[in-house]
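Below you'll find the structure, written out as structure tokens, and then a few comments.
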Amino acid sequence: ETGVTQSPTHLIKTRGQQVTLRCSSQSGHNTVSWYQQALGQGPQFIFQYYREEENGRGNFPPRFSGLQFPNYSSELNVNALELDDSALYLCASSPRDRGNTIYFGEGSWLTVV
Amino acid sequence: AQSVTQLDSQVPVFEEAPVELRCNYSSSVSVYLFWYVQYPNQGLQLLLKYLSGSTLVKGINGFEAEFNKSQTSFHLRKPSVHISDTAEYFCAVSKADNFNKFYFGSGTKLNVKP
């Protein structure tokens with residue numbers, strides 16, 4: 001049990017639609033990162049939020065956006081879905097000032113048809 | 001920039017045999033090193049991590065890894081595998097100034113046969 005909860009666990013969307021994935025972290029986890037794991041590949045860093053501000057971004061287009069809220073929850077939003085967006089999306093959170101204790105959620109499986 | 005190479009995409013091994021999963025990394029700065037395991041249709045579980053100190057790191061489920069700075073490697077080993085170790089294993093690095101940002105390898109599927 002990592003204390004990081006992601007929802008929904010599975011969802012199917014149509015190309016061109018928009019999706020919002022959610023992550024709920026433990027109290028005090030002020031740093032959250034999102035990763036995309038395509039089938040058969042390792043997770044790829046999308047972006048990170050620290051104290052509700054974006055704090056680094058990987059090689060993903062602007063249609064991938066996020067939010068972090070004061071209650072330690074966060075969202076990943078993807079607009080104009082493409083077939084290649086089909087993947088497992090992982091959330092990882094940590095308390096920034098207590099280094100190296102990072103907790104991953106179970107992920108949200110997104111299928112774009 | 002950081003990168004991680006897992007040299008073997010699949011490793012078949014018989015139960016109770018030893019196994020080594022290879023990981024090499026490249027980085028211009030000091031990094032932290034991690035091994036994660038992913039069982040089918042699940043998220044990532046931390047096996048072990050190297051932050052500093054002893055280069056031999058012991059983790060859960062009998063796994064261990066050795067950090068070799070000169071060879072920029074962090075190979076994962078287990079002296080005797082079980083069927084339940086069948087899973088995908090990911091090596092990852094992060095930088096000391098942003099440990100929550102991981103660079104993952106492409107993964108190694110360990111298939112333990114009876």
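The chains in the structure tokens are called A, B, ... from first to last as shown; in each chain the residues are counted from 1, and the ligands are counted from 1 in the order shown.
If you count only C-alpha atoms and ignore residues fewer than 3 places along the chain from region 37-47 of chain B, what sits within 6 Å of it is Glu106 and Gly107 of chain A; Gly59, Ile60, Ala87, Glu88 and Tyr89 of chain B.
Residues of region 44-82 of chain B that DSSP, applied to the backbone, places in strand (DSSP E): Gln45, Leu46, Leu47, Leu48, Lys49, Tyr50, Leu56, Val57, Lys58, Glu64, Ala65, Glu66, Phe67, Asn68, Ser73, Phe74, His75, Leu76, Arg77 and Lys78 of chain B.
The space between CA of Tyr103 (chain A) and CA of Thr2 (chain A) spans 5.7 Å.
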> Got a sec to pull out which chain B residues are within 12 Å of chain A, counting only C-alpha atoms, and send them as a PyMOL selection string?
Replying inline: chain B and resi 1+3-6+9-10+31-34+36-46+48-52+88-109
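For Glu64 (chain B), the set of protein, DNA and RNA residues having any atom at most 6 Å away, when counting only C-alpha atoms and skipping those fewer than 4 positions along the same chain, is Val57, Lys58, Gly59, Leu76 and Arg77 of chain B.
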> From the set B:Leu21, B:Leu110, B:Val29, B:Ile83, which residue has the shortest atom-to-atom contact distance to Lys69 (chain B), counting only C-alpha atoms?
Replying inline: B:Val29
> Which residues, written as an MDAnalysis selection string, have at least one atom at most 9 Å from region 15-17 of chain A, with only C-alpha atoms counted and residues fewer than 5 positions away on the same chain left out?
Replying inline: chainID A and resid 78:83 112:113
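Between CA of Ser54 (chain B) and CA of Gln71 (chain B) lies a distance of 16.1 Å.
The space separating CA of Val13 (chain B) from CA of Pro114 (chain B) comes to 8.9 Å.
If only C-alpha atoms are the atoms counted, then among A:Asn71, A:Phe60, A:Ser27, A:Ala87 the closest residue to Gly3 (chain A) is A:Ser27.
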